[in-house]
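Asker: As input, take upload_27.csv (CSV, N, CA and C atoms):
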```
chain,number,residue,atom,x,y,z
S,1,ALA,N,131.9,103.9,121.1
S,1,ALA,CA,132.6,102.7,120.5
S,1,ALA,C,131.6,101.5,120.6
S,2,GLU,N,131.7,100.7,119.6
S,2,GLU,CA,130.8,99.5,119.5
S,2,GLU,C,131.3,98.4,120.5
S,3,SER,N,130.4,97.8,121.2
S,3,SER,CA,130.8,96.8,122.2
S,3,SER,C,131.2,95.5,121.5
S,4,LYS,N,132.0,94.7,122.1
S,4,LYS,CA,132.4,93.4,121.6
S,4,LYS,C,131.2,92.5,121.3
S,5,ARG,N,130.2,92.5,122.1
S,5,ARG,CA,129.1,91.7,121.9
S,5,ARG,C,128.3,92.2,120.7
S,6,SER,N,128.1,93.5,120.5
S,6,SER,CA,127.4,94.1,119.3
S,6,SER,C,128.2,93.7,118.1
S,7,ALA,N,129.5,93.8,118.1
S,7,ALA,CA,130.3,93.5,116.9
S,7,ALA,C,130.2,92.0,116.6
S,8,SER,N,130.1,91.1,117.6
S,8,SER,CA,130.0,89.7,117.4
S,8,SER,C,128.6,89.4,116.8
S,9,ALA,N,127.6,90.1,117.3
S,9,ALA,CA,126.2,89.9,116.7
S,9,ALA,C,126.2,90.3,115.3
S,10,LYS,N,126.8,91.4,115.0
S,10,LYS,CA,126.8,91.9,113.6
S,10,LYS,C,127.6,90.9,112.7
S,11,GLU,N,128.7,90.5,113.2
S,11,GLU,CA,129.5,89.5,112.4
S,11,GLU,C,128.7,88.2,112.2
S,12,THR,N,127.9,87.8,113.2
S,12,THR,CA,127.1,86.6,113.0
S,12,THR,C,126.1,86.7,111.9
S,13,ILE,N,125.4,87.8,111.9
S,13,ILE,CA,124.4,88.0,110.9
S,13,ILE,C,125.0,88.0,109.5
S,14,GLN,N,126.2,88.6,109.4
S,14,GLN,CA,126.9,88.6,108.1
S,14,GLN,C,127.6,87.4,107.7
S,15,SER,N,127.6,86.4,108.6
S,15,SER,CA,128.3,85.1,108.4
S,15,SER,C,127.4,84.0,108.0
S,16,ASP,N,128.0,83.0,107.3
S,16,ASP,CA,127.3,81.8,107.0
S,16,ASP,C,127.7,80.6,107.9
S,17,GLY,N,128.6,80.9,108.9
S,17,GLY,CA,129.0,79.9,109.8
S,17,GLY,C,128.8,80.3,111.3
S,18,VAL,N,129.5,79.6,112.1
S,18,VAL,CA,129.4,79.8,113.6
S,18,VAL,C,130.4,80.9,113.9
S,19,VAL,N,130.0,81.8,114.8
S,19,VAL,CA,130.9,82.8,115.3
S,19,VAL,C,131.0,82.6,116.8
S,20,ILE,N,132.3,82.6,117.3
S,20,ILE,CA,132.6,82.3,118.7
S,20,ILE,C,133.4,83.4,119.3
S,21,ALA,N,133.0,83.9,120.4
S,21,ALA,CA,133.7,85.0,121.2
S,21,ALA,C,133.9,84.5,122.6
S,22,GLY,N,135.0,84.9,123.1
S,22,GLY,CA,135.3,84.6,124.5
S,22,GLY,C,136.6,84.1,124.8
S,23,PRO,N,136.8,83.7,126.0
S,23,PRO,CA,135.8,83.7,127.1
S,23,PRO,C,135.5,85.1,127.5
S,24,LEU,N,134.2,85.3,127.7
S,24,LEU,CA,133.6,86.6,128.2
S,24,LEU,C,133.0,86.5,129.5
S,25,THR,N,133.0,87.6,130.3
S,25,THR,CA,132.3,87.6,131.6
S,25,THR,C,130.8,87.8,131.3
S,26,LEU,N,130.0,87.0,131.8
S,26,LEU,CA,128.6,87.1,131.6
S,26,LEU,C,127.9,88.1,132.5
S,27,ARG,N,127.2,89.0,131.9
S,27,ARG,CA,126.6,90.1,132.7
S,27,ARG,C,125.2,89.7,133.2
S,28,GLN,N,124.6,88.7,132.6
S,28,GLN,CA,123.3,88.3,132.9
S,28,GLN,C,123.2,87.5,134.2
S,29,CYS,N,124.3,87.1,134.8
S,29,CYS,CA,124.3,86.2,135.9
S,29,CYS,C,125.0,86.8,137.1
S,30,THR,N,124.5,87.8,137.7
S,30,THR,CA,125.2,88.5,138.8
S,30,THR,C,125.3,87.6,140.0
S,31,ASP,N,124.3,86.7,140.2
S,31,ASP,CA,124.3,85.8,141.4
S,31,ASP,C,125.0,84.5,141.2
S,32,CYS,N,125.5,84.2,140.0
S,32,CYS,CA,126.1,82.9,139.7
S,32,CYS,C,127.4,82.7,140.4
S,33,ASP,N,127.7,81.4,140.6
S,33,ASP,CA,129.0,81.1,141.1
S,33,ASP,C,130.1,81.6,140.1
S,34,PRO,N,131.2,82.1,140.6
S,34,PRO,CA,132.3,82.7,139.8
S,34,PRO,C,132.7,81.7,138.7
S,35,THR,N,132.7,80.4,138.9
S,35,THR,CA,133.1,79.5,137.9
S,35,THR,C,132.2,79.5,136.6
S,36,VAL,N,131.0,79.9,136.8
S,36,VAL,CA,130.1,79.9,135.6
S,36,VAL,C,129.9,81.3,135.0
S,37,LYS,N,130.6,82.3,135.6
S,37,LYS,CA,130.5,83.7,135.1
S,37,LYS,C,131.3,83.9,133.8
S,38,THR,N,132.2,83.0,133.5
S,38,THR,CA,133.0,83.2,132.3
S,38,THR,C,132.7,82.1,131.3
S,39,ALA,N,132.3,82.5,130.1
S,39,ALA,CA,131.9,81.5,129.1
S,39,ALA,C,132.3,81.9,127.7
S,40,PHE,N,132.4,81.0,126.8
S,40,PHE,CA,132.5,81.2,125.4
S,40,PHE,C,131.0,81.4,124.9
S,41,ILE,N,130.8,82.3,124.0
S,41,ILE,CA,129.5,82.4,123.4
S,41,ILE,C,129.6,82.1,122.0
S,42,ALA,N,128.7,81.2,121.5
S,42,ALA,CA,128.7,80.8,120.1
S,42,ALA,C,127.4,81.2,119.5
S,43,TRP,N,127.4,81.8,118.3
S,43,TRP,CA,126.2,82.2,117.6
S,43,TRP,C,126.2,81.5,116.2
S,44,VAL,N,125.0,81.2,115.8
S,44,VAL,CA,124.8,80.7,114.4
S,44,VAL,C,123.5,81.4,113.9
S,45,THR,N,123.5,81.8,112.7
S,45,THR,CA,122.3,82.5,112.2
S,45,THR,C,121.2,81.5,111.8
S,46,ILE,N,120.0,82.1,111.8
S,46,ILE,CA,118.8,81.3,111.4
S,46,ILE,C,118.3,82.1,110.2
S,47,ASP,N,118.2,81.4,109.0
S,47,ASP,CA,117.8,82.0,107.8
S,47,ASP,C,116.3,82.3,107.8
S,48,SER,N,115.9,83.3,107.1
S,48,SER,CA,114.5,83.7,107.0
S,48,SER,C,113.8,82.7,106.1
S,49,LEU,N,112.5,82.5,106.4
S,49,LEU,CA,111.7,81.6,105.6
S,49,LEU,C,111.0,82.4,104.4
S,50,THR,N,111.0,83.7,104.5
S,50,THR,CA,110.5,84.6,103.4
S,50,THR,C,111.5,85.6,103.0
S,51,GLU,N,111.3,86.1,101.8
S,51,GLU,CA,112.3,87.1,101.3
S,51,GLU,C,112.1,88.5,101.9
S,52,ASN,N,110.9,88.7,102.5
S,52,ASN,CA,110.7,90.1,103.1
S,52,ASN,C,111.1,90.1,104.5
S,53,GLN,N,111.6,89.1,105.1
S,53,GLN,CA,112.1,89.1,106.5
S,53,GLN,C,113.6,89.2,106.5
S,54,VAL,N,114.1,90.4,106.7
S,54,VAL,CA,115.5,90.7,106.6
S,54,VAL,C,116.0,91.5,107.9
S,55,ILE,N,117.3,91.4,108.1
S,55,ILE,CA,117.9,92.2,109.1
S,55,ILE,C,118.9,93.1,108.3
S,56,LYS,N,118.8,94.4,108.5
S,56,LYS,CA,119.6,95.4,107.8
S,56,LYS,C,120.8,95.8,108.7
S,57,ILE,N,122.0,95.6,108.1
S,57,ILE,CA,123.2,96.0,108.8
S,57,ILE,C,124.0,96.9,107.9
S,58,ASP,N,124.3,98.1,108.3
S,58,ASP,CA,125.1,99.0,107.5
S,58,ASP,C,124.5,99.2,106.1
S,59,GLY,N,123.2,99.3,106.1
S,59,GLY,CA,122.5,99.5,104.8
S,59,GLY,C,122.3,98.3,103.9
S,60,ILE,N,122.8,97.1,104.4
S,60,ILE,CA,122.7,95.9,103.6
S,60,ILE,C,121.7,94.9,104.2
S,61,ASP,N,120.8,94.4,103.3
S,61,ASP,CA,119.8,93.5,103.8
S,61,ASP,C,120.4,92.1,103.9
S,62,HIS,N,120.1,91.4,105.0
S,62,HIS,CA,120.6,90.0,105.2
S,62,HIS,C,119.3,89.2,105.4
S,63,ASN,N,119.1,88.1,104.6
S,63,ASN,CA,117.9,87.3,104.6
S,63,ASN,C,118.0,86.4,105.8
S,64,LYS,N,117.9,87.0,107.0
S,64,LYS,CA,118.1,86.2,108.3
S,64,LYS,C,116.9,86.5,109.2
S,65,TRP,N,116.5,85.6,110.0
S,65,TRP,CA,115.5,85.8,111.0
S,65,TRP,C,116.1,86.3,112.3
S,66,GLY,N,117.3,85.8,112.6
S,66,GLY,CA,118.0,86.1,113.8
S,66,GLY,C,119.1,85.1,114.0
S,67,PHE,N,119.5,84.8,115.3
S,67,PHE,CA,120.5,83.8,115.5
S,67,PHE,C,120.3,83.1,116.8
S,68,ALA,N,120.8,81.9,116.9
S,68,ALA,CA,120.7,81.1,118.1
S,68,ALA,C,122.1,81.3,118.9
S,69,THR,N,122.0,81.2,120.2
S,69,THR,CA,123.2,81.4,121.0
S,69,THR,C,123.4,80.2,121.9
S,70,ALA,N,124.7,79.8,122.1
S,70,ALA,CA,125.0,78.8,123.0
S,70,ALA,C,126.1,79.3,124.0
S,71,LEU,N,126.0,79.0,125.2
S,71,LEU,CA,127.0,79.4,126.2
S,71,LEU,C,127.8,78.2,126.6
S,72,ILE,N,129.1,78.3,126.5
S,72,ILE,CA,130.0,77.2,126.9
S,72,ILE,C,130.8,77.6,128.1
S,73,ASN,N,130.6,76.9,129.2
S,73,ASN,CA,131.3,77.2,130.4
S,73,ASN,C,132.8,76.8,130.2
S,74,TRP,N,133.6,77.9,130.2
S,74,TRP,CA,135.1,77.7,129.9
S,74,TRP,C,135.8,76.9,130.9
S,75,ALA,N,135.6,77.3,132.2
S,75,ALA,CA,136.3,76.6,133.3
S,75,ALA,C,136.0,75.1,133.3
S,76,GLU,N,134.7,74.7,133.1
S,76,GLU,CA,134.3,73.3,133.0
S,76,GLU,C,134.9,72.6,131.8
S,77,LEU,N,134.9,73.3,130.7
S,77,LEU,CA,135.5,72.7,129.5
S,77,LEU,C,137.0,72.4,129.7
S,78,VAL,N,137.7,73.3,130.3
S,78,VAL,CA,139.1,73.0,130.6
S,78,VAL,C,139.3,71.9,131.6
S,79,ASN,N,138.5,71.9,132.7
S,79,ASN,CA,138.6,70.9,133.7
S,79,ASN,C,138.2,69.5,133.2
S,80,ARG,N,137.1,69.4,132.4
S,80,ARG,CA,136.7,68.1,131.9
S,80,ARG,C,137.6,67.5,130.8
S,81,SER,N,138.3,68.4,130.1
S,81,SER,CA,139.2,67.9,129.0
S,81,SER,C,140.5,67.3,129.5
S,82,ASP,N,140.9,67.6,130.8
S,82,ASP,CA,142.1,67.2,131.3
S,82,ASP,C,143.3,67.6,130.5
S,83,VAL,N,143.2,68.7,129.8
S,83,VAL,CA,144.2,69.2,128.9
S,83,VAL,C,145.5,69.5,129.7
S,84,ASN,N,145.4,70.2,130.9
S,84,ASN,CA,146.5,70.5,131.7
S,84,ASN,C,147.3,69.2,132.1
S,85,GLU,N,146.6,68.2,132.6
S,85,GLU,CA,147.2,67.0,133.1
S,85,GLU,C,147.9,66.2,131.9
S,86,LYS,N,147.3,66.3,130.7
S,86,LYS,CA,147.8,65.6,129.6
S,86,LYS,C,149.2,66.2,129.2
S,87,PHE,N,149.3,67.5,129.2
S,87,PHE,CA,150.6,68.1,128.9
S,87,PHE,C,151.6,67.8,130.0
S,88,ILE,N,151.2,67.9,131.3
S,88,ILE,CA,152.1,67.6,132.4
S,88,ILE,C,152.6,66.2,132.4
S,89,GLU,N,151.8,65.2,132.1
S,89,GLU,CA,152.2,63.8,132.0
S,89,GLU,C,153.2,63.6,131.0
S,90,LYS,N,153.2,64.4,129.9
S,90,LYS,CA,154.2,64.2,128.8
S,90,LYS,C,155.4,65.2,129.0
S,91,GLY,N,155.4,65.9,130.1
S,91,GLY,CA,156.5,66.8,130.4
S,91,GLY,C,156.6,68.0,129.5
S,92,LEU,N,155.4,68.4,129.0
S,92,LEU,CA,155.3,69.5,128.0
S,92,LEU,C,154.7,70.7,128.7
S,93,ASN,N,155.0,71.9,128.1
S,93,ASN,CA,154.4,73.2,128.5
S,93,ASN,C,153.5,73.6,127.3
S,94,TYR,N,152.5,74.3,127.6
S,94,TYR,CA,151.7,74.9,126.5
S,94,TYR,C,151.0,76.1,127.0
S,95,GLN,N,150.5,76.9,126.1
S,95,GLN,CA,149.7,78.1,126.4
S,95,GLN,C,148.7,78.3,125.3
S,96,LEU,N,147.4,78.4,125.7
S,96,LEU,CA,146.4,78.7,124.7
S,96,LEU,C,146.1,80.1,124.9
S,97,THR,N,146.2,80.9,123.8
S,97,THR,CA,146.0,82.3,123.9
S,97,THR,C,144.9,82.8,122.9
S,98,ARG,N,144.4,84.0,123.2
S,98,ARG,CA,143.5,84.7,122.3
S,98,ARG,C,144.0,86.1,122.2
S,99,THR,N,144.1,86.6,121.0
S,99,THR,CA,144.5,88.0,120.8
S,99,THR,C,143.3,88.9,120.5
S,100,ASP,N,143.0,89.9,121.3
S,100,ASP,CA,141.9,90.8,121.1
S,100,ASP,C,142.4,92.1,120.5
S,101,GLU,N,141.7,92.7,119.7
S,101,GLU,CA,141.9,94.0,119.2
S,101,GLU,C,141.0,94.9,120.0
S,102,VAL,N,141.6,95.7,120.9
S,102,VAL,CA,140.9,96.6,121.8
S,102,VAL,C,141.0,98.0,121.4
S,103,TYR,N,139.9,98.7,121.3
S,103,TYR,CA,139.9,100.1,120.9
S,103,TYR,C,140.3,101.0,122.1
S,104,ASN,N,141.3,101.8,121.9
S,104,ASN,CA,141.7,102.8,122.9
S,104,ASN,C,141.1,104.1,122.6
S,105,ASP,N,140.2,104.6,123.5
S,105,ASP,CA,139.5,105.8,123.2
S,105,ASP,C,140.4,107.0,123.2
S,106,GLN,N,141.5,107.0,124.0
S,106,GLN,CA,142.4,108.1,124.1
S,106,GLN,C,143.3,108.2,122.8
S,107,THR,N,143.8,107.1,122.3
S,107,THR,CA,144.7,107.2,121.2
S,107,THR,C,143.9,107.0,119.9
S,108,ARG,N,142.6,106.6,120.0
S,108,ARG,CA,141.7,106.3,118.8
S,108,ARG,C,142.3,105.3,117.9
S,109,GLU,N,143.0,104.3,118.5
S,109,GLU,CA,143.6,103.2,117.7
S,109,GLU,C,143.3,101.9,118.4
S,110,PHE,N,143.3,100.8,117.6
S,110,PHE,CA,143.2,99.5,118.1
S,110,PHE,C,144.5,99.0,118.6
S,111,GLU,N,144.5,98.3,119.7
S,111,GLU,CA,145.7,97.8,120.3
S,111,GLU,C,145.5,96.3,120.5
S,112,SER,N,146.6,95.5,120.2
S,112,SER,CA,146.5,94.0,120.4
S,112,SER,C,146.7,93.7,121.9
S,113,LYS,N,145.9,92.9,122.4
S,113,LYS,CA,146.0,92.4,123.8
S,113,LYS,C,146.0,90.9,123.8
S,114,VAL,N,147.0,90.2,124.3
S,114,VAL,CA,147.1,88.8,124.3
S,114,VAL,C,146.6,88.3,125.7
S,115,ASN,N,145.6,87.4,125.6
S,115,ASN,CA,145.0,86.8,126.9
S,115,ASN,C,145.4,85.4,126.9
S,116,ILE,N,145.8,85.0,128.1
S,116,ILE,CA,146.2,83.5,128.3
S,116,ILE,C,144.9,82.9,128.8
S,117,LEU,N,144.4,81.9,128.0
S,117,LEU,CA,143.2,81.2,128.3
S,117,LEU,C,143.4,79.9,129.1
S,118,ALA,N,144.5,79.3,128.9
S,118,ALA,CA,144.8,78.0,129.6
S,118,ALA,C,146.3,77.8,129.4
S,119,GLY,N,146.8,76.9,130.3
S,119,GLY,CA,148.2,76.5,130.2
S,119,GLY,C,149.1,77.2,131.2
S,120,ASP,N,150.3,77.1,131.0
S,120,ASP,CA,151.4,77.6,131.9
S,120,ASP,C,151.5,79.2,131.7
S,121,GLU,N,151.2,79.9,132.8
S,121,GLU,CA,151.3,81.3,132.8
S,121,GLU,C,152.8,81.8,132.5
S,122,GLU,N,153.8,81.0,132.9
S,122,GLU,CA,155.2,81.4,132.7
S,122,GLU,C,155.7,81.0,131.3
S,123,PHE,N,155.0,80.1,130.6
S,123,PHE,CA,155.4,79.7,129.3
S,123,PHE,C,155.3,80.8,128.3
S,124,ALA,N,156.4,81.0,127.6
S,124,ALA,CA,156.4,82.1,126.6
S,124,ALA,C,157.0,81.6,125.3
S,125,CYS,N,156.4,81.9,124.2
S,125,CYS,CA,157.0,81.5,122.9
S,125,CYS,C,157.1,82.8,122.1
S,126,ASP,N,158.4,83.2,121.9
S,126,ASP,CA,158.6,84.5,121.2
S,126,ASP,C,158.2,84.4,119.8
S,127,GLU,N,158.5,83.2,119.2
S,127,GLU,CA,158.3,83.1,117.7
S,127,GLU,C,157.8,81.7,117.4
S,128,ILE,N,156.9,81.6,116.5
S,128,ILE,CA,156.4,80.3,116.1
S,128,ILE,C,156.9,80.1,114.6
S,129,ASN,N,157.6,79.0,114.3
S,129,ASN,CA,158.1,78.8,113.0
S,129,ASN,C,157.0,78.0,112.3
S,130,THR,N,156.4,78.6,111.2
S,130,THR,CA,155.4,77.9,110.5
S,130,THR,C,155.9,77.4,109.1
S,131,GLU,N,157.2,77.6,108.9
S,131,GLU,CA,157.7,77.1,107.6
S,131,GLU,C,157.9,75.6,107.6
S,132,SER,N,157.7,75.0,106.4
S,132,SER,CA,157.9,73.6,106.4
S,132,SER,C,159.3,73.2,105.9
```
Please express what this file holds, its structure, as structure tokens.

Answerer:
Amino acid sequence: AESKRSASAKETIQSDGVVIAGPLTLRQCTDCDPTVKTAFIAWVTIDSLTENQVIKIDGIDHNKWGFATALINWAELVNRSDVNEKFIEKGLNYQLTRTDEVYNDQTREFESKVNILAGDEEFACDEINTES
């Protein structure tokens, strides 16, 4: 199965914008403090300067040189934003979530997994009304 990081790199090369994944556990930093081991990773492509400089993905040429990567420390972003305190001050609950599509090797199907990124662990919203 294709790794999430490989899929994100592939998506980045095929994209004209910024691709963000995470928060992910960083494998490169085994000695780092636990608070910096989790980060969002943002990628943006760098276009080729010549037509013969391409990256081939699934048989399709992309006129790209590669991509640049930025790591965003998730814990520090939440702490510095004071987002939790702002909701508490107003007497509000919130929950920031991300839904991942995870491939199950046994069932050979993708399953949705909701991850709570910030906010109240106990807060649950069964349905969001988007109608005006």

Asker: Could you tell me how far CA of Ala9 in chain S sits from atom N of Arg108 in chain S, in Å to one decimal place?

Answerer: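 Computing it gives 23.6 Å between the two atoms.
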
Asker: Tell me, as a ChimeraX atom specification, which residues lie within 7 Å of range 84-95 of chain S, counting only N, CA and C atoms; anything in the same chain fewer than 3 positions away does not count.

Answerer: /S:78,81,116-121,123

Asker: Can you list, as a ChimeraX atom specification, every residue of chain S that DSSP puts in helix (DSSP H, G or I)?

Answerer: /S:4-13,34-36,74-81,83-89

Asker: Residues at most 7 Å from range 22-26 of chain S, counting all atoms listed in the file, excluding those fewer than 6 positions away in the same chain, as an MDAnalysis selection string?

Answerer: chainID S and resid 36:41 74

Asker: Find the residue from S:Val102, S:His62, S:Arg80, S:Arg27 that sits nearest to Gln14 in chain S; use only N, CA and C atoms when measuring.

Answerer: S:His62

Asker: Quick one: residues within 7 Å of Glu101 in chain S, only C-alpha atoms counted, chain neighbours fewer than 3 positions away excluded, as a ChimeraX atom specification?

Answerer: /S:110-113

Asker: Among chain S, which ones does DSSP place in strand (DSSP E or B), written as a PyMOL selection string?

Answerer: chain S and resi 19-25+38-47+55-57+60-62+64-73+95-104+109-119

Asker: Counting only N, CA and C atoms, figure out which residue out of S:Val114, S:Leu96, S:Val18, S:Val44 gets nearest to Thr69 in chain S.

Answerer: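 Closest to Thr69 in chain S of all the choices is S:Val44.
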
Asker: Mind pulling up the distance from atom N of Ile13 in chain S to atom N of Gln53 in chain S?

Answerer: 15.4 Å

Asker: For the atom pair atom C of Ser6 in chain S and atom N of Asp31 in chain S, what is the interatomic distance in Å to one decimal place?

Answerer: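 Between atom C of Ser6 in chain S and atom N of Asp31 in chain S the gap is 23.5 Å.
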
Asker: Ranking S:Val54, S:Tyr103, S:Ala7, S:Asp61 by minimum distance to Ala21 in chain S and counting only C-alpha atoms, which one comes first?

Answerer: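 The closest residue to Ala21 in chain S is S:Ala7.
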
Asker: Skip Ser8 in chain S itself and residues of its chain fewer than 4 positions away, then list as a VMD selection string all residues within 8 Å of it, counting only C-alpha atoms.

Answerer: chain S and resid 4 12 19 to 21

Asker: Some atoms are absent from range 53-62 of chain S, so rebuild all heavy atoms and return them as a compact mmCIF listing (two decimals), in the coordinates of the input.

Answerer:
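The resulting file, selection_13.txt, is shown below:
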```txt
# COMPACT_ATOMS: atom_id res chain seq x y z
N GLN S 53 111.60 89.10 105.10
CA GLN S 53 112.10 89.10 106.50
C GLN S 53 113.60 89.20 106.50
O GLN S 53 114.30 88.25 106.21
CB GLN S 53 111.64 87.74 107.12
CG GLN S 53 111.79 87.71 108.60
CD GLN S 53 111.22 86.41 109.17
OE1 GLN S 53 111.29 85.37 108.55
NE2 GLN S 53 110.67 86.50 110.36
N VAL S 54 114.10 90.40 106.70
CA VAL S 54 115.50 90.70 106.60
C VAL S 54 116.00 91.50 107.90
O VAL S 54 115.18 92.07 108.60
CB VAL S 54 115.84 91.52 105.38
CG1 VAL S 54 115.52 90.76 104.11
CG2 VAL S 54 115.16 92.88 105.39
N ILE S 55 117.30 91.40 108.10
CA ILE S 55 117.90 92.20 109.10
C ILE S 55 118.90 93.10 108.30
O ILE S 55 119.69 92.65 107.53
CB ILE S 55 118.69 91.35 110.12
CG1 ILE S 55 117.71 90.50 110.92
CG2 ILE S 55 119.52 92.24 111.05
CD1 ILE S 55 118.36 89.53 111.88
N LYS S 56 118.80 94.40 108.50
CA LYS S 56 119.60 95.40 107.80
C LYS S 56 120.80 95.80 108.70
O LYS S 56 120.59 96.22 109.83
CB LYS S 56 118.75 96.62 107.45
CG LYS S 56 119.46 97.59 106.54
CD LYS S 56 118.57 98.76 106.16
CE LYS S 56 117.47 98.32 105.27
NZ LYS S 56 117.56 98.72 103.89
N ILE S 57 122.00 95.60 108.10
CA ILE S 57 123.20 96.00 108.80
C ILE S 57 124.00 96.90 107.90
O ILE S 57 124.34 96.45 106.79
CB ILE S 57 124.02 94.81 109.30
CG1 ILE S 57 123.23 93.98 110.31
CG2 ILE S 57 125.35 95.25 109.91
CD1 ILE S 57 123.90 92.71 110.75
N ASP S 58 124.30 98.10 108.30
CA ASP S 58 125.10 99.00 107.50
C ASP S 58 124.50 99.20 106.10
O ASP S 58 125.23 99.23 105.13
CB ASP S 58 126.57 98.59 107.44
CG ASP S 58 127.26 98.58 108.80
OD1 ASP S 58 126.87 99.38 109.66
OD2 ASP S 58 128.19 97.78 108.99
N GLY S 59 123.20 99.30 106.10
CA GLY S 59 122.50 99.50 104.80
C GLY S 59 122.30 98.30 103.90
O GLY S 59 121.81 98.36 102.79
N ILE S 60 122.80 97.10 104.40
CA ILE S 60 122.70 95.90 103.60
C ILE S 60 121.70 94.90 104.20
O ILE S 60 121.75 94.66 105.39
CB ILE S 60 124.10 95.19 103.48
CG1 ILE S 60 125.09 96.14 102.80
CG2 ILE S 60 124.02 93.87 102.72
CD1 ILE S 60 126.53 95.66 102.86
N ASP S 61 120.80 94.40 103.30
CA ASP S 61 119.80 93.50 103.80
C ASP S 61 120.40 92.10 103.90
O ASP S 61 121.02 91.62 102.94
CB ASP S 61 118.57 93.44 102.86
CG ASP S 61 117.71 94.68 102.97
OD1 ASP S 61 117.84 95.41 103.97
OD2 ASP S 61 116.90 94.92 102.05
N HIS S 62 120.10 91.40 105.00
CA HIS S 62 120.60 90.00 105.20
C HIS S 62 119.30 89.20 105.40
O HIS S 62 118.50 89.49 106.29
CB HIS S 62 121.51 89.86 106.38
CG HIS S 62 122.77 90.65 106.21
ND1 HIS S 62 123.87 90.13 105.58
CD2 HIS S 62 123.08 91.92 106.56
CE1 HIS S 62 124.82 91.04 105.57
NE2 HIS S 62 124.36 92.13 106.15
```
